[in-house]
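In what follows, a structure is listed as structure tokens, so that the remarks can point back to it.
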Amino acid sequence: MVKTGLEKKLFDISTILQQHYDKEKKLGLLSGKTGVAYFFILYGEFLNDDSISERGHKILAETIEEINQGFNFPTFCSGIAGIGWVLEMICEEGFLEINSKEIFSEIDIFLDKIMASNFEQDNYDFLHGYLGEAMYFLKRYQNANSIKNRNKYKVILIKVISVLQKTALENKELVYWESYVQAKNEIKVINLGLAHGMSSIINFLARLVIYQDFEPLVSPLLIKATRFILSVKSDAPSSKSLFPSWINQKQKTVEYSRLAWCYGDLGIGLSLWHAAEVLNDKILYKEAMAILKHSALRKSLETTMVKDAGLCHGAFGIMLIFDYLYKSTAVIDFKNTADYWLLEGLKMANHENGYAGYMKWQPKEIGSWQKEDCLLDGVAGIGLAILSYLSPTPLKWSQCLMIS
């Protein structure tokens, strides 16, 4: 019964995206047409329907043409780093064959320069800074077709590691990084979140440490970063969350964090879990699982601060993480939690003017509710999360959110 409802929802999402995608002016993976294209390609594979997959390939061809015509916004969220990552991923999965020399060589040069600029600005942000560009270069390293190319990307990634080493602030056997919550802020904080903070650094380092090219450099940094995260965990029995969104060392007040992909315990626990797996650290694994199981107990919409269904801070983002964790660990609590948030997400398709019933919640000063087609906040992401739920094994697309 649930499967039938999910398949119907996928059809509704596909239909609305087909009707509206050409009105989307943004090109990015998480916030534009490229994420919509990724949905069409994977939905077509799910149905074994080439006509649906072809919609995605058509959008990607249009996006490549816009890059050739001068589009040069760089970020992983909204620009060339994310677009390049998707092109690499669909080649990796055998959905498309692309001549790398024609498409990627200029992207490589452009993003290497952008990354150098972000190094100078100390902007490590995953969605909008150098970690996003590094995710693209990691995918290039993984898929390199020659020793020469692999060494080329090795050099670039070692530069990333070196910058993280130089900018890390060390306190005994702990390391952390500071950043601005907003670009115009004058006060730096220790951001703990997955979208913009330390969890993304830990998550990225966990993806590097498995390679001998990087392990000697990465392992000590990764271990000290995980120790810092655990050092700021709340031990108060009544705490709604175990971690704040960020730490302002000039203020003593600490607020609890939401339950979401972007900020809070869930992204922190997931990143620590990845680190524990690759480091084969049983103590860290136990800590990560305790954080994730604590997150699984949070269900109230008031205490979780869940207001919509999207992946960034909504019900389907929570479902996607717990579904991945269940398929990776076979812990039944994670399965039950994924099922709970799946049903909550389906209930949220209650907007008459929404896309397939969905709208993104915005603060009142912005306008409360708005329609979104994108991967991060819109129905393309909800559709991809449903495809992941229906798959017996984790799908690779969620690597773009540092989940799988």
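Residues in the structure tokens are named by chain (A, B, ... in the order shown) and by number from 1 within that chain; ligands are numbered from 1 in the order shown.
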
Long-range neighbours of range 379-393 of chain A as a VMD selection string, 6 Å cut-off, only C-alpha atoms, 3 positions minimum in chain: chain A and resid 10 36 39 320 373 to 376

Using 10 Å as the limit and counting only C-alpha atoms, can you tabulate each residue of range 244-298 of chain A that touches range 201-208 of chain A, with its shortest atom-to-atom distance in Å and the two atoms involved, as CSV?
residue,atom,partner,partner_atom,distance
A:Gly267,CA,A:Asn203,CA,9.3
A:Ile268,CA,A:Ile202,CA,9.0
A:Leu270,CA,A:Asn203,CA,8.3
A:Ser271,CA,A:Asn203,CA,4.9
A:Leu272,CA,A:Ile202,CA,7.3
A:Trp273,CA,A:Asn203,CA,9.0
A:His274,CA,A:Ala206,CA,6.3
A:Ala275,CA,A:Ala206,CA,5.1
A:Ala276,CA,A:Ala206,CA,8.6
A:Glu277,CA,A:Ala206,CA,8.6
A:Val278,CA,A:Ala206,CA,6.5
A:Leu279,CA,A:Ala206,CA,8.1

Dump of N, CA and C atoms for the selected residues, as a PDB file, in the first residue's frame:
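And here's result_7.pdb as it stands now:
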ATOM      1  N   GLY A 267      23.317  15.222  11.441  1.00  0.00           N
ATOM      2  CA  GLY A 267      24.471  15.344  10.557  1.00  0.00           C
ATOM      3  C   GLY A 267      25.777  15.105  11.286  1.00  0.00           C
ATOM      4  N   ILE A 268      25.826  15.517  12.570  1.00  0.00           N
ATOM      5  CA  ILE A 268      27.015  15.269  13.388  1.00  0.00           C
ATOM      6  C   ILE A 268      27.198  13.772  13.617  1.00  0.00           C
ATOM      7  N   LEU A 270      25.963  11.246  11.907  1.00  0.00           N
ATOM      8  CA  LEU A 270      26.261  10.586  10.638  1.00  0.00           C
ATOM      9  C   LEU A 270      27.740  10.723  10.286  1.00  0.00           C
ATOM     10  N   SER A 271      28.289  11.923  10.437  1.00  0.00           N
ATOM     11  CA  SER A 271      29.690  12.159  10.079  1.00  0.00           C
ATOM     12  C   SER A 271      30.633  11.416  11.019  1.00  0.00           C
ATOM     13  N   LEU A 272      30.312  11.390  12.313  1.00  0.00           N
ATOM     14  CA  LEU A 272      31.118  10.613  13.255  1.00  0.00           C
ATOM     15  C   LEU A 272      31.034   9.122  12.941  1.00  0.00           C
ATOM     16  N   TRP A 273      29.867   8.663  12.528  1.00  0.00           N
ATOM     17  CA  TRP A 273      29.688   7.251  12.160  1.00  0.00           C
ATOM     18  C   TRP A 273      30.573   6.891  10.963  1.00  0.00           C
ATOM     19  N   HIS A 274      30.588   7.757   9.935  1.00  0.00           N
ATOM     20  CA  HIS A 274      31.462   7.521   8.786  1.00  0.00           C
ATOM     21  C   HIS A 274      32.924   7.460   9.234  1.00  0.00           C
ATOM     22  N   ALA A 275      33.304   8.394  10.106  1.00  0.00           N
ATOM     23  CA  ALA A 275      34.691   8.409  10.581  1.00  0.00           C
ATOM     24  C   ALA A 275      35.028   7.137  11.355  1.00  0.00           C
ATOM     25  N   ALA A 276      34.121   6.715  12.219  1.00  0.00           N
ATOM     26  CA  ALA A 276      34.350   5.500  13.005  1.00  0.00           C
ATOM     27  C   ALA A 276      34.508   4.280  12.107  1.00  0.00           C
ATOM     28  N   GLU A 277      33.710   4.213  11.061  1.00  0.00           N
ATOM     29  CA  GLU A 277      33.784   3.082  10.130  1.00  0.00           C
ATOM     30  C   GLU A 277      35.153   3.006   9.466  1.00  0.00           C
ATOM     31  N   VAL A 278      35.631   4.120   8.927  1.00  0.00           N
ATOM     32  CA  VAL A 278      36.887   4.070   8.169  1.00  0.00           C
ATOM     33  C   VAL A 278      38.103   3.994   9.080  1.00  0.00           C
ATOM     34  N   LEU A 279      37.980   4.519  10.299  1.00  0.00           N
ATOM     35  CA  LEU A 279      39.091   4.445  11.255  1.00  0.00           C
ATOM     36  C   LEU A 279      39.084   3.131  12.037  1.00  0.00           C
TER      37      LEU A 279
END

In range 21-249 of chain A, DSSP strand (DSSP E or B) residues written as a PyMOL selection string: chain A and resi 169-171+174-176+179-180+188-191+246-247

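Candidate residues A:Asn336, A:Gln18, A:Ser295, A:Thr226 were compared for distance to Ile283 in chain A, and the nearest is A:Thr226, using only C-alpha atoms.
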
Coordinates-based distance that separates CA of Lys299 in chain A from CA of Gly314 in chain A (Å, one decimal): 12.3 Å

Residues near Lys33 in chain A, cut-off 8 Å, only C-alpha atoms, skip fewer than 2 positions along chain, as a list in words: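 The neighbour list is Tyr21, Glu24, Lys25, Lys26, Leu27, Gly28, Leu29, Ser31, Gly35, Val36, Ala37, Ile59, Thr63 and Cys374 of chain A.
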
Write the residues you've just listed into a file as an mmCIF file, in the first residue's frame, and include N, CA and C atoms for each of them.
data_model
loop_
_atom_site.group_PDB
_atom_site.id
_atom_site.type_symbol
_atom_site.label_atom_id
_atom_site.label_comp_id
_atom_site.auth_asym_id
_atom_site.auth_seq_id
_atom_site.Cartn_x
_atom_site.Cartn_y
_atom_site.Cartn_z
ATOM 1 N N TYR A 21 10.254 22.695 -15.178
ATOM 2 C CA TYR A 21 11.708 22.791 -15.041
ATOM 3 C C TYR A 21 12.299 23.876 -15.928
ATOM 4 N N GLU A 24 12.929 27.237 -14.415
ATOM 5 C CA GLU A 24 14.011 27.351 -13.436
ATOM 6 C C GLU A 24 15.236 27.954 -14.103
ATOM 7 N N LYS A 25 15.665 29.101 -13.595
ATOM 8 C CA LYS A 25 16.803 29.805 -14.186
ATOM 9 C C LYS A 25 18.138 29.360 -13.591
ATOM 10 N N LYS A 26 18.114 28.846 -12.362
ATOM 11 C CA LYS A 26 19.358 28.422 -11.726
ATOM 12 C C LYS A 26 19.818 27.088 -12.324
ATOM 13 N N LEU A 27 21.108 26.879 -12.362
ATOM 14 C CA LEU A 27 21.664 25.687 -13.009
ATOM 15 C C LEU A 27 22.179 24.643 -12.032
ATOM 16 N N GLY A 28 22.319 24.972 -10.752
ATOM 17 C CA GLY A 28 23.083 24.154 -9.827
ATOM 18 C C GLY A 28 22.541 22.778 -9.519
ATOM 19 N N LEU A 29 23.380 21.987 -8.878
ATOM 20 C CA LEU A 29 23.013 20.636 -8.456
ATOM 21 C C LEU A 29 21.990 20.659 -7.329
ATOM 22 N N SER A 31 20.496 23.475 -6.053
ATOM 23 C CA SER A 31 19.530 24.574 -6.089
ATOM 24 C C SER A 31 19.082 24.948 -7.492
ATOM 25 N N GLY A 35 19.991 19.330 -10.436
ATOM 26 C CA GLY A 35 19.350 18.400 -9.508
ATOM 27 C C GLY A 35 18.084 17.803 -10.082
ATOM 28 N N VAL A 36 17.331 18.603 -10.838
ATOM 29 C CA VAL A 36 16.128 18.103 -11.514
ATOM 30 C C VAL A 36 16.530 17.060 -12.559
ATOM 31 N N ALA A 37 17.584 17.350 -13.308
ATOM 32 C CA ALA A 37 18.077 16.396 -14.303
ATOM 33 C C ALA A 37 18.465 15.072 -13.656
ATOM 34 N N ILE A 59 18.433 18.219 -20.169
ATOM 35 C CA ILE A 59 18.717 19.338 -19.260
ATOM 36 C C ILE A 59 20.221 19.489 -19.059
ATOM 37 N N THR A 63 22.630 22.628 -19.843
ATOM 38 C CA THR A 63 23.475 23.204 -18.799
ATOM 39 C C THR A 63 24.920 23.322 -19.269
ATOM 40 N N CYS A 374 13.833 22.252 -6.658
ATOM 41 C CA CYS A 374 15.237 21.846 -6.605
ATOM 42 C C CYS A 374 15.475 20.613 -5.726
#

All helix (DSSP H, G or I) positions in range 138-323 of chain A, as a PyMOL selection string: chain A and resi 138-142+147-167+198-208+215-231+265-279+282-296+301-304+315-323

Spatial neighbours of Ile403 in chain A, 8 Å, only C-alpha atoms, chain gap at least 3 places, as a list in words: Leu270, Ile321, Tyr324, Ser398, Gln399 and Cys400 of chain A

Create the file for the chosen residues now, containing all heavy atoms and written as a JSON list (two decimals), in the first residue's frame.
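Dumped to out19.json:
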[["chain", "number", "residue", "atom", "x", "y", "z"],
["A", 270, "LEU", "N", 25.96, 11.25, 11.91],
["A", 270, "LEU", "CA", 26.26, 10.59, 10.64],
["A", 270, "LEU", "C", 27.74, 10.72, 10.29],
["A", 270, "LEU", "O", 28.39, 9.75, 9.89],
["A", 270, "LEU", "CB", 25.40, 11.19, 9.53],
["A", 270, "LEU", "CG", 25.69, 10.71, 8.10],
["A", 270, "LEU", "CD1", 25.30, 9.25, 7.93],
["A", 270, "LEU", "CD2", 24.95, 11.60, 7.09],
["A", 321, "ILE", "N", 18.42, 9.93, 5.76],
["A", 321, "ILE", "CA", 19.58, 9.56, 6.58],
["A", 321, "ILE", "C", 19.31, 8.28, 7.36],
["A", 321, "ILE", "O", 20.14, 7.36, 7.38],
["A", 321, "ILE", "CB", 19.96, 10.71, 7.54],
["A", 321, "ILE", "CG1", 20.48, 11.90, 6.73],
["A", 321, "ILE", "CG2", 21.00, 10.25, 8.56],
["A", 321, "ILE", "CD1", 20.75, 13.14, 7.56],
["A", 324, "TYR", "N", 19.31, 5.27, 5.06],
["A", 324, "TYR", "CA", 20.69, 4.88, 4.73],
["A", 324, "TYR", "C", 21.33, 4.14, 5.89],
["A", 324, "TYR", "O", 22.00, 3.11, 5.69],
["A", 324, "TYR", "CB", 21.50, 6.12, 4.36],
["A", 324, "TYR", "CG", 22.98, 5.83, 4.26],
["A", 324, "TYR", "CD1", 23.50, 5.15, 3.16],
["A", 324, "TYR", "CD2", 23.86, 6.20, 5.29],
["A", 324, "TYR", "CE1", 24.85, 4.85, 3.08],
["A", 324, "TYR", "CE2", 25.21, 5.90, 5.21],
["A", 324, "TYR", "CZ", 25.70, 5.23, 4.11],
["A", 324, "TYR", "OH", 27.03, 4.91, 4.03],
["A", 398, "SER", "N", 23.15, 10.21, -3.06],
["A", 398, "SER", "CA", 23.16, 10.96, -1.80],
["A", 398, "SER", "C", 24.59, 11.28, -1.31],
["A", 398, "SER", "O", 24.76, 11.94, -0.30],
["A", 398, "SER", "CB", 22.38, 10.25, -0.72],
["A", 398, "SER", "OG", 22.97, 9.03, -0.33],
["A", 399, "GLN", "N", 25.59, 10.84, -2.06],
["A", 399, "GLN", "CA", 26.96, 11.33, -1.79],
["A", 399, "GLN", "C", 27.03, 12.84, -1.92],
["A", 399, "GLN", "O", 27.85, 13.48, -1.26],
["A", 399, "GLN", "CB", 27.96, 10.69, -2.76],
["A", 399, "GLN", "CG", 28.23, 9.21, -2.52],
["A", 399, "GLN", "CD", 29.20, 8.64, -3.54],
["A", 399, "GLN", "OE1", 30.05, 9.34, -4.08],
["A", 399, "GLN", "NE2", 29.07, 7.34, -3.81],
["A", 400, "CYS", "N", 26.16, 13.43, -2.76],
["A", 400, "CYS", "CA", 26.19, 14.87, -2.94],
["A", 400, "CYS", "C", 25.74, 15.61, -1.69],
["A", 400, "CYS", "O", 25.94, 16.84, -1.58],
["A", 400, "CYS", "CB", 25.37, 15.30, -4.16],
["A", 400, "CYS", "SG", 23.57, 15.26, -3.95]]
